[in-house]
>>> print(open('query22.pdb').read())   # PDB, C-alpha atoms
ATOM      1  CA  MET X   1    -142.812 -43.739-165.360
ATOM      2  CA  THR X   2    -142.475 -47.053-163.545
ATOM      3  CA  VAL X   3    -142.952 -50.139-165.681
ATOM      4  CA  VAL X   4    -144.535 -53.046-163.823
ATOM      5  CA  ASP X   5    -143.654 -56.485-165.097
ATOM      6  CA  PRO X   6    -146.750 -58.450-166.086
ATOM      7  CA  ALA X   7    -147.611 -61.533-164.076
ATOM      8  CA  PRO X   8    -146.419 -64.781-165.675
ATOM      9  CA  VAL X   9    -148.922 -66.815-167.642
ATOM     10  CA  ARG X  10    -149.946 -69.658-165.337
ATOM     11  CA  VAL X  11    -150.864 -72.965-166.941
ATOM     12  CA  PRO X  12    -153.048 -75.476-165.075
ATOM     13  CA  THR X  13    -152.350 -79.190-165.222
ATOM     14  CA  THR X  14    -154.978 -81.832-164.586
ATOM     15  CA  ARG X  15    -154.610 -83.672-161.300
ATOM     16  CA  ARG X  16    -155.892 -86.845-159.658
ATOM     17  CA  TYR X  17    -157.051 -86.653-156.070
ATOM     18  CA  LEU X  18    -158.212 -89.111-153.413
ATOM     19  CA  MET X  19    -160.839 -87.890-150.946
ATOM     20  CA  CYS X  20    -163.017 -89.303-148.154
ATOM     21  CA  GLU X  21    -166.528 -88.076-147.410
ATOM     22  CA  PRO X  22    -166.864 -86.840-143.783
ATOM     23  CA  ARG X  23    -169.950 -88.931-143.116
ATOM     24  CA  HIS X  24    -168.718 -89.674-139.580
ATOM     25  CA  PHE X  25    -167.149 -86.278-138.942
ATOM     26  CA  ALA X  26    -167.048 -85.129-135.317
ATOM     27  CA  VAL X  27    -164.728 -83.344-132.939
ATOM     28  CA  GLU X  28    -164.507 -85.940-130.189
ATOM     29  CA  TYR X  29    -160.935 -85.278-129.011
ATOM     30  CA  ALA X  30    -158.300 -82.557-129.273
ATOM     31  CA  ILE X  31    -155.044 -83.363-131.043
ATOM     32  CA  ASN X  32    -154.341 -79.846-132.320
ATOM     33  CA  PRO X  33    -155.087 -76.326-130.992
ATOM     34  CA  TRP X  34    -158.048 -75.837-133.330
ATOM     35  CA  MET X  35    -160.054 -78.762-131.925
ATOM     36  CA  ASP X  36    -162.511 -78.195-129.070
ATOM     37  CA  PRO X  37    -164.784 -81.157-128.239
ATOM     38  CA  THR X  38    -167.037 -78.860-126.185
ATOM     39  CA  LYS X  39    -168.122 -76.957-129.298
ATOM     40  CA  PRO X  40    -170.745 -78.523-131.586
ATOM     41  CA  ALA X  41    -169.707 -79.863-134.986
ATOM     42  CA  SER X  42    -172.121 -80.958-137.697
ATOM     43  CA  ALA X  43    -171.349 -83.975-139.880
ATOM     44  CA  GLU X  44    -174.184 -82.927-142.186
ATOM     45  CA  ARG X  45    -172.688 -79.476-142.749
ATOM     46  CA  ALA X  46    -169.192 -80.964-143.122
ATOM     47  CA  VAL X  47    -170.480 -83.294-145.861
ATOM     48  CA  GLU X  48    -172.139 -80.380-147.636
ATOM     49  CA  GLN X  49    -168.908 -78.352-147.617
ATOM     50  CA  TRP X  50    -166.832 -81.369-148.621
ATOM     51  CA  LYS X  51    -169.075 -82.116-151.608
ATOM     52  CA  LYS X  52    -168.683 -78.544-152.828
ATOM     53  CA  LEU X  53    -164.907 -78.903-152.536
ATOM     54  CA  ARG X  54    -164.991 -82.202-154.456
ATOM     55  CA  ASP X  55    -167.256 -80.740-157.138
ATOM     56  CA  THR X  56    -165.002 -77.692-157.439
ATOM     57  CA  TYR X  57    -162.070 -79.949-158.322
ATOM     58  CA  ARG X  58    -164.159 -81.762-160.908
ATOM     59  CA  SER X  59    -165.349 -78.499-162.409
ATOM     60  CA  LEU X  60    -161.683 -77.555-162.907
ATOM     61  CA  GLY X  61    -161.127 -80.769-164.886
ATOM     62  CA  HIS X  62    -159.500 -82.873-162.180
ATOM     63  CA  THR X  63    -160.238 -86.507-161.354
ATOM     64  CA  VAL X  64    -161.465 -87.255-157.842
ATOM     65  CA  GLU X  65    -161.385 -90.794-156.481
ATOM     66  CA  GLU X  66    -163.183 -91.597-153.240
ATOM     67  CA  ILE X  67    -162.435 -93.948-150.383
ATOM     68  CA  ALA X  68    -165.319 -95.132-148.201
ATOM     69  CA  PRO X  69    -165.446 -93.522-144.738
ATOM     70  CA  VAL X  70    -165.229 -95.805-141.706
ATOM     71  CA  PRO X  71    -167.344 -95.387-138.554
ATOM     72  CA  GLY X  72    -165.270 -94.431-135.540
ATOM     73  CA  LEU X  73    -162.676 -92.549-137.608
ATOM     74  CA  PRO X  74    -163.993 -88.967-137.628
ATOM     75  CA  ASP X  75    -160.767 -87.499-139.059
ATOM     76  CA  MET X  76    -160.570 -89.874-142.021
ATOM     77  CA  VAL X  77    -161.857 -86.983-144.154
ATOM     78  CA  PHE X  78    -158.346 -85.532-143.925
ATOM     79  CA  ALA X  79    -157.017 -87.850-146.614
ATOM     80  CA  ALA X  80    -153.815 -85.878-147.200
ATOM     81  CA  ASN X  81    -152.414 -87.323-143.984
ATOM     82  CA  SER X  82    -152.640 -90.893-145.275
ATOM     83  CA  GLY X  83    -150.133 -91.188-148.103
ATOM     84  CA  THR X  84    -147.532 -89.537-150.304
ATOM     85  CA  VAL X  85    -147.457 -90.565-153.955
ATOM     86  CA  VAL X  86    -144.630 -89.550-156.311
ATOM     87  CA  ASP X  87    -144.118 -91.218-159.711
ATOM     88  CA  GLY X  88    -146.577 -93.935-158.717
ATOM     89  CA  ARG X  89    -144.630 -94.912-155.588
ATOM     90  CA  VAL X  90    -146.732 -94.836-152.440
ATOM     91  CA  LEU X  91    -145.344 -94.086-148.993
ATOM     92  CA  GLY X  92    -148.108 -94.683-146.481
ATOM     93  CA  SER X  93    -148.606 -93.019-143.131
ATOM     94  CA  ARG X  94    -148.001 -93.738-139.468
ATOM     95  CA  PHE X  95    -149.946 -91.398-137.217
ATOM     96  CA  ARG X  96    -148.676 -89.889-133.993
ATOM     97  CA  ALA X  97    -152.142 -89.711-132.391
ATOM     98  CA  PRO X  98    -153.560 -93.144-131.516
ATOM     99  CA  GLN X  99    -157.059 -91.893-132.377
ATOM    100  CA  ARG X 100    -156.066 -91.786-136.058
ATOM    101  CA  ALA X 101    -153.792 -94.827-136.273
ATOM    102  CA  ALA X 102    -156.355 -97.133-137.900
ATOM    103  CA  GLU X 103    -156.803 -94.796-140.878
ATOM    104  CA  ALA X 104    -153.437 -95.758-142.349
ATOM    105  CA  ASP X 105    -154.356 -99.344-143.210
ATOM    106  CA  HIS X 106    -157.669 -98.386-144.816
ATOM    107  CA  PHE X 107    -155.795 -96.147-147.244
ATOM    108  CA  ARG X 108    -153.120 -98.799-147.812
ATOM    109  CA  ARG X 109    -155.836-101.258-148.797
ATOM    110  CA  TRP X 110    -157.379 -98.703-151.162
ATOM    111  CA  PHE X 111    -154.082 -98.399-153.026
ATOM    112  CA  VAL X 112    -153.666-102.170-153.196
ATOM    113  CA  GLU X 113    -157.215-102.641-154.478
ATOM    114  CA  HIS X 114    -156.625-100.008-157.165
ATOM    115  CA  GLY X 115    -153.574-101.687-158.619
ATOM    116  CA  TYR X 116    -150.703-100.028-156.795
ATOM    117  CA  ARG X 117    -147.920-102.467-155.992
ATOM    118  CA  ASP X 118    -145.059-100.159-155.011
ATOM    119  CA  ILE X 119    -146.338 -99.392-151.502
ATOM    120  CA  VAL X 120    -144.246 -98.971-148.361
ATOM    121  CA  MET X 121    -145.693 -98.431-144.908
ATOM    122  CA  PRO X 122    -143.292 -96.314-142.843
ATOM    123  CA  ALA X 123    -141.380 -97.382-139.776
ATOM    124  CA  GLN X 124    -141.214 -93.775-138.550
ATOM    125  CA  ILE X 125    -144.046 -91.433-137.542
ATOM    126  CA  ASN X 126    -145.028 -89.921-140.870
ATOM    127  CA  GLU X 127    -148.219 -87.946-141.495
ATOM    128  CA  ALA X 128    -147.790 -87.955-145.264
ATOM    129  CA  GLU X 129    -148.861 -84.900-147.245
ATOM    130  CA  GLY X 130    -149.678 -83.185-144.011
ATOM    131  CA  ASP X 131    -145.907 -82.761-143.677
ATOM    132  CA  PHE X 132    -144.666 -83.515-147.209
ATOM    133  CA  ALA X 133    -144.982 -81.131-150.162
ATOM    134  CA  TRP X 134    -143.660 -82.193-153.571
ATOM    135  CA  THR X 135    -142.272 -79.294-155.612
ATOM    136  CA  GLY X 136    -141.411 -81.238-158.744
ATOM    137  CA  GLN X 137    -137.725 -81.222-157.779
ATOM    138  CA  VAL X 138    -137.508 -81.737-154.033
ATOM    139  CA  LEU X 139    -139.805 -82.930-151.290
ATOM    140  CA  LEU X 140    -140.252 -80.277-148.614
ATOM    141  CA  ALA X 141    -140.658 -82.099-145.313
ATOM    142  CA  GLY X 142    -142.011 -80.651-142.088
ATOM    143  CA  THR X 143    -141.291 -81.697-138.535
ATOM    144  CA  GLY X 144    -141.712 -80.276-135.062
ATOM    145  CA  PHE X 145    -145.122 -81.543-133.996
ATOM    146  CA  ARG X 146    -146.202 -84.642-135.916
ATOM    147  CA  THR X 147    -143.795 -86.240-138.407
ATOM    148  CA  ASP X 148    -140.494 -87.489-136.946
ATOM    149  CA  PRO X 149    -137.289 -86.031-138.411
ATOM    150  CA  ALA X 150    -136.156 -89.611-139.169
ATOM    151  CA  ALA X 151    -139.163 -89.976-141.469
ATOM    152  CA  HIS X 152    -137.568 -87.478-143.842
ATOM    153  CA  ALA X 153    -134.662 -89.821-144.573
ATOM    154  CA  GLU X 154    -137.103 -92.703-144.899
ATOM    155  CA  ALA X 155    -139.150 -90.736-147.457
ATOM    156  CA  GLN X 156    -136.030 -89.977-149.480
ATOM    157  CA  GLU X 157    -135.086 -93.653-149.554
ATOM    158  CA  VAL X 158    -138.585 -94.915-150.424
ATOM    159  CA  LEU X 159    -139.596 -92.248-152.940
ATOM    160  CA  GLY X 160    -136.144 -91.701-154.416
ATOM    161  CA  VAL X 161    -136.354 -87.913-154.359
ATOM    162  CA  PRO X 162    -134.262 -85.324-152.505
ATOM    163  CA  VAL X 163    -135.758 -84.099-149.246
ATOM    164  CA  VAL X 164    -135.400 -80.698-147.576
ATOM    165  CA  SER X 165    -136.236 -80.668-143.857
ATOM    166  CA  LEU X 166    -138.139 -77.724-142.373
ATOM    167  CA  ARG X 167    -138.938 -77.182-138.686
ATOM    168  CA  LEU X 168    -142.336 -75.879-137.594
ATOM    169  CA  THR X 169    -142.400 -73.906-134.335
ATOM    170  CA  ASP X 170    -145.980 -72.684-133.833
ATOM    171  CA  PRO X 171    -148.356 -75.412-132.565
ATOM    172  CA  ARG X 172    -151.282 -73.839-134.435
ATOM    173  CA  TYR X 173    -149.466 -74.793-137.637
ATOM    174  CA  TYR X 174    -148.785 -78.349-136.605
ATOM    175  CA  HIS X 175    -148.473 -79.703-140.156
ATOM    176  CA  LEU X 176    -146.468 -78.269-143.035
ATOM    177  CA  ASP X 177    -149.640 -78.022-145.120
ATOM    178  CA  THR X 178    -151.071 -75.445-142.712
ATOM    179  CA  ALA X 179    -148.114 -73.120-143.351
ATOM    180  CA  LEU X 180    -146.920 -73.797-146.917
ATOM    181  CA  PHE X 181    -148.200 -75.037-150.256
ATOM    182  CA  VAL X 182    -146.843 -75.447-153.764
ATOM    183  CA  LEU X 183    -148.361 -73.049-156.274
ATOM    184  CA  ALA X 184    -146.616 -74.439-159.336
ATOM    185  CA  GLU X 185    -144.314 -77.441-159.591
ATOM    186  CA  ALA X 186    -140.921 -77.063-161.221
ATOM    187  CA  THR X 187    -140.577 -77.665-164.949
ATOM    188  CA  GLU X 188    -137.522 -77.852-167.198
ATOM    189  CA  SER X 189    -137.835 -74.122-167.874
ATOM    190  CA  ARG X 190    -139.191 -72.762-164.594
ATOM    191  CA  PRO X 191    -138.446 -73.384-160.899
ATOM    192  CA  ALA X 192    -141.146 -74.287-158.422
ATOM    193  CA  HIS X 193    -143.236 -71.495-156.942
ATOM    194  CA  ILE X 194    -144.603 -71.692-153.396
ATOM    195  CA  ALA X 195    -146.512 -69.689-150.801
ATOM    196  CA  TYR X 196    -145.756 -69.869-147.089
ATOM    197  CA  TYR X 197    -146.175 -68.189-143.696
ATOM    198  CA  PRO X 198    -142.651 -67.383-142.441
ATOM    199  CA  GLU X 199    -143.606 -67.057-138.764
ATOM    200  CA  ALA X 200    -144.603 -70.735-138.616
ATOM    201  CA  PHE X 201    -140.978 -71.829-139.184
ATOM    202  CA  SER X 202    -137.715 -71.806-137.264
ATOM    203  CA  ALA X 203    -135.168 -69.143-138.150
ATOM    204  CA  GLY X 204    -132.984 -71.634-140.007
ATOM    205  CA  SER X 205    -135.913 -72.998-141.979
ATOM    206  CA  ARG X 206    -136.930 -69.470-142.980
ATOM    207  CA  ARG X 207    -133.439 -68.913-144.351
ATOM    208  CA  VAL X 208    -133.625 -72.181-146.300
ATOM    209  CA  LEU X 209    -136.976 -71.237-147.814
ATOM    210  CA  ALA X 210    -135.769 -67.742-148.722
ATOM    211  CA  ARG X 211    -132.712 -69.236-150.434
ATOM    212  CA  LEU X 212    -134.621 -71.904-152.359
ATOM    213  CA  PHE X 213    -137.686 -69.820-153.233
ATOM    214  CA  PRO X 214    -136.722 -66.131-153.393
ATOM    215  CA  ASP X 215    -139.885 -65.252-155.297
ATOM    216  CA  ALA X 216    -142.305 -67.065-152.980
ATOM    217  CA  VAL X 217    -145.624 -65.500-152.057
ATOM    218  CA  LEU X 218    -145.423 -64.633-148.364
ATOM    219  CA  ALA X 219    -148.563 -64.964-146.280
ATOM    220  CA  ASP X 220    -149.458 -62.869-143.248
ATOM    221  CA  THR X 221    -151.060 -63.821-139.944
ATOM    222  CA  ALA X 222    -154.609 -63.303-141.209
ATOM    223  CA  ASP X 223    -153.919 -65.618-144.144
ATOM    224  CA  ALA X 224    -152.519 -68.308-141.883
ATOM    225  CA  GLU X 225    -155.270 -68.088-139.260
ATOM    226  CA  SER X 226    -157.921 -68.535-141.967
ATOM    227  CA  PHE X 227    -156.122 -71.671-143.202
ATOM    228  CA  GLY X 228    -155.238 -69.873-146.426
ATOM    229  CA  LEU X 229    -152.023 -71.890-146.692
ATOM    230  CA  ASN X 230    -154.003 -75.133-146.601
ATOM    231  CA  ALA X 231    -154.742 -74.592-150.275
ATOM    232  CA  VAL X 232    -154.581 -76.702-153.426
ATOM    233  CA  SER X 233    -153.130 -75.388-156.678
ATOM    234  CA  ASP X 234    -153.093 -76.922-160.153
ATOM    235  CA  GLY X 235    -150.554 -74.400-161.405
ATOM    236  CA  ARG X 236    -153.157 -71.734-162.142
ATOM    237  CA  ASN X 237    -156.325 -72.287-160.125
ATOM    238  CA  VAL X 238    -155.839 -72.096-156.368
ATOM    239  CA  VAL X 239    -158.599 -73.535-154.195
ATOM    240  CA  LEU X 240    -158.560 -71.826-150.799
ATOM    241  CA  PRO X 241    -160.890 -70.831-147.953
ATOM    242  CA  VAL X 242    -163.290 -67.935-148.492
ATOM    243  CA  GLU X 243    -161.739 -65.986-145.617
ATOM    244  CA  ALA X 244    -158.267 -65.849-147.203
ATOM    245  CA  THR X 245    -158.974 -62.706-149.226
ATOM    246  CA  GLY X 246    -155.636 -61.003-148.627
ATOM    247  CA  LEU X 247    -153.700 -64.028-149.803
ATOM    248  CA  ALA X 248    -156.051 -64.360-152.778
ATOM    249  CA  ASP X 249    -155.213 -60.803-153.859
ATOM    250  CA  ARG X 250    -151.493 -61.535-153.707
ATOM    251  CA  LEU X 251    -151.936 -64.750-155.671
ATOM    252  CA  ALA X 252    -153.946 -62.944-158.342
ATOM    253  CA  ALA X 253    -151.125 -60.401-158.676
ATOM    254  CA  HIS X 254    -148.829 -63.350-159.469
ATOM    255  CA  GLY X 255    -151.118 -64.623-162.218
ATOM    256  CA  TYR X 256    -153.101 -67.229-160.274
ATOM    257  CA  GLU X 257    -156.876 -67.621-160.214
ATOM    258  CA  PRO X 258    -158.252 -67.887-156.654
ATOM    259  CA  VAL X 259    -161.189 -70.275-156.267
ATOM    260  CA  PHE X 260    -162.974 -69.898-152.939
ATOM    261  CA  VAL X 261    -164.599 -72.662-150.893
ATOM    262  CA  ASP X 262    -166.228 -72.666-147.462
ATOM    263  CA  ILE X 263    -164.536 -75.137-145.108
ATOM    264  CA  SER X 264    -165.641 -73.537-141.830
ATOM    265  CA  GLU X 265    -167.059 -76.766-140.369
ATOM    266  CA  LEU X 266    -164.008 -78.829-141.251
ATOM    267  CA  ARG X 267    -161.775 -76.152-139.749
ATOM    268  CA  LYS X 268    -163.215 -77.057-136.340
ATOM    269  CA  ALA X 269    -160.987 -80.140-136.561
ATOM    270  CA  GLY X 270    -158.013 -78.160-137.849
ATOM    271  CA  GLY X 271    -158.518 -78.956-141.533
ATOM    272  CA  GLY X 272    -158.947 -77.163-144.848
ATOM    273  CA  PRO X 273    -158.992 -77.903-148.586
ATOM    274  CA  LYS X 274    -155.545 -79.504-148.702
ATOM    275  CA  CYS X 275    -156.134 -81.625-145.615
ATOM    276  CA  CYS X 276    -159.068 -83.206-147.470
ATOM    277  CA  THR X 277    -157.054 -83.849-150.627
ATOM    278  CA  LEU X 278    -154.417 -86.512-151.258
ATOM    279  CA  GLU X 279    -152.774 -86.021-154.652
ATOM    280  CA  ILE X 280    -151.921 -89.138-156.655
ATOM    281  CA  ARG X 281    -148.938 -88.448-158.883
ATOM    282  CA  LYS X 282    -148.183 -91.128-161.460
TER     283      LYS X 282
END
>>> encode(input="query22.pdb", output="C-alpha cells")
Amino acid sequence: MTVVDPAPVRVPTTRRYLMCEPRHFAVEYAINPWMDPTKPASAERAVEQWKKLRDTYRSLGHTVEEIAPVPGLPDMVFAANSGTVVDGRVLGSRFRAPQRAAEADHFRRWFVEHGYRDIVMPAQINEAEGDFAWTGQVLLAGTGFRTDPAAHAEAQEVLGVPVVSLRLTDPRYYHLDTALFVLAEATESRPAHIAYYPEAFSAGSRRVLARLFPDAVLADTADAESFGLNAVSDGRNVVLPVEATGLADRLAAHGYEPVFVDISELRKAGGGPKCCTLEIRK
C-alpha cells in the first residue's frame, strides 16, 4: 500500500496592500500582446471586478489602502508595477512605456504623504513588483521585456537584499508576475515555496529555479494563459482567476486554499489579481 504524505499545514499571514480603482480604465494602446485597442473595454465592469478583488482581500483579514486614480492614466490600476517595498524601504518604478511614465510619481507622492521617508526612485528601467518577487530570503528579478538587467543590481543596493536574475523569453509573459508568484515566504524553519510556468523562462533560468525551489508547483500552458500565475498568496489563501482551475487543484493538493476572482475585463490590458496589488512590507 502506498502511503501519501499529507500536505503541509499552511498558515496565512495578514498583509497590507495598495490598490488603485480602475475608474479611468481603457485599452487605448498596445504595450503587451494581450492589449487590443480595437476591442471594447468597460471601465464600469473593470471597477466592479476590482471592487470584488479588493473586498476579497479584506474578507481574508488583509488591509487595503487606496490611491486615487488619475485621468489619462488607464493602466494606473496595475499598482504592482509602481513600487517594491521590503522592510519599509521603497524602491519606486521607472516605466519602459512612455504611456505609463507619469504613474511613478503619483505613487511616490502617496508613499511620502503616508509617512515613508526611505524612498528611492530608480535610475534604471524598473517595473517594480511586475518584475520583482520577494521570497523572504531573496528577491527574484525578471528581465527580458520590461525591467533592465541593471535594475537588478540597483534593487539589491537600495533594498539591501540578495537578488536572483531570471530571464523571460515569451512576450506573452512580459513581466515576472505573469509567470511566477510566491506561495509562501521563507521562515526560519521552512524555505520559500513558489509556483511558476517553466516555458516562460530561458533554459538557464529554469535550471536556477529548479535548483532553488525543487518543490515548486509547476504550472501548465492553460494555467499561464488564464493568468493563473498572476496570483496573490498570503501563505494559505491564494487569490487567482476563475479560469485557473487546473492550477487551483494542484495548489489545493499542496495545502493551499484557492480563492477565485473574475478579472476578465482587466485581462484585456494584460493584468490580473497581482498586477492590481502592490504589497507593502514593513
>>> residues_around(input="query22.pdb", residues="Pro162 of chain X", least_positions_apart="6", cutoff="12 Å", atoms="all atoms listed in the file", output="ChimeraX atom specification")
/X:86,132-141,152-156
>>> write_last_selection(input="query22.pdb", atoms="C-alpha atoms", output="tab-separated table (two decimals), in the frame of the given file")
chain	number	residue	atom	x	y	z
X	86	VAL	CA	-144.63	-89.55	-156.31
X	132	PHE	CA	-144.67	-83.52	-147.21
X	133	ALA	CA	-144.98	-81.13	-150.16
X	134	TRP	CA	-143.66	-82.19	-153.57
X	135	THR	CA	-142.27	-79.29	-155.61
X	136	GLY	CA	-141.41	-81.24	-158.74
X	137	GLN	CA	-137.72	-81.22	-157.78
X	138	VAL	CA	-137.51	-81.74	-154.03
X	139	LEU	CA	-139.80	-82.93	-151.29
X	140	LEU	CA	-140.25	-80.28	-148.61
X	141	ALA	CA	-140.66	-82.10	-145.31
X	152	HIS	CA	-137.57	-87.48	-143.84
X	153	ALA	CA	-134.66	-89.82	-144.57
X	154	GLU	CA	-137.10	-92.70	-144.90
X	155	ALA	CA	-139.15	-90.74	-147.46
X	156	GLN	CA	-136.03	-89.98	-149.48
>>> closest_atom_pairs(input="query22.pdb", of="segment 221-240 of chain X", to="segment 270-276 of chain X", cutoff="6 Å", atoms="only C-alpha atoms", output="Markdown table")
| residue | atom | partner | partner_atom | distance |
| --- | --- | --- | --- | --- |
| X:Asn230 | CA | X:Lys274 | CA | 5.1 |
| X:Ala231 | CA | X:Lys274 | CA | 5.2 |
| X:Val232 | CA | X:Lys274 | CA | 5.6 |
>>> resolve_selection(input="query22.pdb", expression="the PyMOL selection byres ((chain X and resi 144) around 12)", output="PyMOL selection string")
chain X and resi 96+125-127+131+141-143+145-151+165-176+200-202+205
>>> write_last_selection(input="query22.pdb", atoms="C-alpha atoms", output="PDB file, in the coordinates of the input")
ATOM      1  CA  ARG X  96    -148.676 -89.889-133.993  1.00  0.00           C
ATOM      2  CA  ILE X 125    -144.046 -91.433-137.542  1.00  0.00           C
ATOM      3  CA  ASN X 126    -145.028 -89.921-140.870  1.00  0.00           C
ATOM      4  CA  GLU X 127    -148.219 -87.946-141.495  1.00  0.00           C
ATOM      5  CA  ASP X 131    -145.907 -82.761-143.677  1.00  0.00           C
ATOM      6  CA  ALA X 141    -140.658 -82.099-145.313  1.00  0.00           C
ATOM      7  CA  GLY X 142    -142.011 -80.651-142.088  1.00  0.00           C
ATOM      8  CA  THR X 143    -141.291 -81.697-138.535  1.00  0.00           C
ATOM      9  CA  PHE X 145    -145.122 -81.543-133.996  1.00  0.00           C
ATOM     10  CA  ARG X 146    -146.202 -84.642-135.916  1.00  0.00           C
ATOM     11  CA  THR X 147    -143.795 -86.240-138.407  1.00  0.00           C
ATOM     12  CA  ASP X 148    -140.494 -87.489-136.946  1.00  0.00           C
ATOM     13  CA  PRO X 149    -137.289 -86.031-138.411  1.00  0.00           C
ATOM     14  CA  ALA X 150    -136.156 -89.611-139.169  1.00  0.00           C
ATOM     15  CA  ALA X 151    -139.163 -89.976-141.469  1.00  0.00           C
ATOM     16  CA  SER X 165    -136.236 -80.668-143.857  1.00  0.00           C
ATOM     17  CA  LEU X 166    -138.139 -77.724-142.373  1.00  0.00           C
ATOM     18  CA  ARG X 167    -138.938 -77.182-138.686  1.00  0.00           C
ATOM     19  CA  LEU X 168    -142.336 -75.879-137.594  1.00  0.00           C
ATOM     20  CA  THR X 169    -142.400 -73.906-134.335  1.00  0.00           C
ATOM     21  CA  ASP X 170    -145.980 -72.684-133.833  1.00  0.00           C
ATOM     22  CA  PRO X 171    -148.356 -75.412-132.565  1.00  0.00           C
ATOM     23  CA  ARG X 172    -151.282 -73.839-134.435  1.00  0.00           C
ATOM     24  CA  TYR X 173    -149.466 -74.793-137.637  1.00  0.00           C
ATOM     25  CA  TYR X 174    -148.785 -78.349-136.605  1.00  0.00           C
ATOM     26  CA  HIS X 175    -148.473 -79.703-140.156  1.00  0.00           C
ATOM     27  CA  LEU X 176    -146.468 -78.269-143.035  1.00  0.00           C
ATOM     28  CA  ALA X 200    -144.603 -70.735-138.616  1.00  0.00           C
ATOM     29  CA  PHE X 201    -140.978 -71.829-139.184  1.00  0.00           C
ATOM     30  CA  SER X 202    -137.715 -71.806-137.264  1.00  0.00           C
ATOM     31  CA  SER X 205    -135.913 -72.998-141.979  1.00  0.00           C
TER      32      SER X 205
END
>>> closest_atom_pairs(input="query22.pdb", of="segment 119-191 of chain X", to="segment 56-79 of chain X", cutoff="10 Å", atoms="all atoms listed in the file", output="Markdown table")
| residue | atom | partner | partner_atom | distance |
| --- | --- | --- | --- | --- |
| X:Ala128 | CA | X:Ala79 | CA | 9.3 |
| X:Glu129 | CA | X:Ala79 | CA | 8.7 |
| X:Gly130 | CA | X:Phe78 | CA | 9.0 |
>>> resolve_selection(input="query22.pdb", expression="the PyMOL selection byres ((chain X and resi 21) around 7)", output="count of residues only")
8
>>> closest_residue(input="query22.pdb", among="X:Leu53, X:Val182, X:Leu247, X:Leu91", to="Gln124 of chain X", atoms="only C-alpha atoms")
X:Leu91
>>> decode(input="query22.pdb", residues="segment 56-61 of chain X", atoms="all heavy atoms", output="PDB file, in the first residue's frame")
ATOM      1  N   THR X  56     -12.374  40.914  -1.473  1.00  0.00           N
ATOM      2  CA  THR X  56     -11.885  39.564  -1.161  1.00  0.00           C
ATOM      3  C   THR X  56     -10.685  39.644  -0.223  1.00  0.00           C
ATOM      4  O   THR X  56     -10.601  38.898   0.765  1.00  0.00           O
ATOM      5  CB  THR X  56     -11.503  38.825  -2.455  1.00  0.00           C
ATOM      6  OG1 THR X  56     -12.672  38.621  -3.241  1.00  0.00           O
ATOM      7  CG2 THR X  56     -10.854  37.483  -2.154  1.00  0.00           C
ATOM      8  N   TYR X  57      -9.751  40.542  -0.509  1.00  0.00           N
ATOM      9  CA  TYR X  57      -8.605  40.711   0.386  1.00  0.00           C
ATOM     10  C   TYR X  57      -9.071  41.079   1.795  1.00  0.00           C
ATOM     11  O   TYR X  57      -8.582  40.532   2.789  1.00  0.00           O
ATOM     12  CB  TYR X  57      -7.668  41.800  -0.139  1.00  0.00           C
ATOM     13  CG  TYR X  57      -6.930  41.457  -1.408  1.00  0.00           C
ATOM     14  CD1 TYR X  57      -6.697  42.440  -2.380  1.00  0.00           C
ATOM     15  CD2 TYR X  57      -6.425  40.182  -1.639  1.00  0.00           C
ATOM     16  CE1 TYR X  57      -6.006  42.152  -3.544  1.00  0.00           C
ATOM     17  CE2 TYR X  57      -5.740  39.892  -2.798  1.00  0.00           C
ATOM     18  CZ  TYR X  57      -5.533  40.872  -3.751  1.00  0.00           C
ATOM     19  OH  TYR X  57      -4.840  40.578  -4.903  1.00  0.00           O
ATOM     20  N   ARG X  58      -9.980  42.014   1.879  1.00  0.00           N
ATOM     21  CA  ARG X  58     -10.460  42.447   3.195  1.00  0.00           C
ATOM     22  C   ARG X  58     -11.167  41.322   3.930  1.00  0.00           C
ATOM     23  O   ARG X  58     -11.029  41.182   5.148  1.00  0.00           O
ATOM     24  CB  ARG X  58     -11.352  43.673   3.031  1.00  0.00           C
ATOM     25  CG  ARG X  58     -10.552  44.925   2.651  1.00  0.00           C
ATOM     26  CD  ARG X  58     -11.434  46.129   2.382  1.00  0.00           C
ATOM     27  NE  ARG X  58     -10.616  47.339   2.189  1.00  0.00           N
ATOM     28  CZ  ARG X  58     -11.071  48.478   1.684  1.00  0.00           C
ATOM     29  NH1 ARG X  58     -12.346  48.584   1.300  1.00  0.00           N
ATOM     30  NH2 ARG X  58     -10.258  49.517   1.539  1.00  0.00           N
ATOM     31  N   SER X  59     -11.906  40.503   3.194  1.00  0.00           N
ATOM     32  CA  SER X  59     -12.597  39.389   3.833  1.00  0.00           C
ATOM     33  C   SER X  59     -11.620  38.357   4.386  1.00  0.00           C
ATOM     34  O   SER X  59     -11.959  37.604   5.308  1.00  0.00           O
ATOM     35  CB  SER X  59     -13.555  38.720   2.844  1.00  0.00           C
ATOM     36  OG  SER X  59     -12.855  37.961   1.866  1.00  0.00           O
ATOM     37  N   LEU X  60     -10.415  38.325   3.833  1.00  0.00           N
ATOM     38  CA  LEU X  60      -9.369  37.408   4.311  1.00  0.00           C
ATOM     39  C   LEU X  60      -8.554  38.020   5.447  1.00  0.00           C
ATOM     40  O   LEU X  60      -7.610  37.403   5.931  1.00  0.00           O
ATOM     41  CB  LEU X  60      -8.444  37.030   3.155  1.00  0.00           C
ATOM     42  CG  LEU X  60      -9.092  36.201   2.029  1.00  0.00           C
ATOM     43  CD1 LEU X  60      -8.142  36.067   0.841  1.00  0.00           C
ATOM     44  CD2 LEU X  60      -9.511  34.825   2.548  1.00  0.00           C
ATOM     45  N   GLY X  61      -8.919  39.235   5.869  1.00  0.00           N
ATOM     46  CA  GLY X  61      -8.259  39.870   7.006  1.00  0.00           C
ATOM     47  C   GLY X  61      -7.131  40.805   6.659  1.00  0.00           C
ATOM     48  O   GLY X  61      -6.425  41.286   7.553  1.00  0.00           O
TER      49      GLY X  61
END
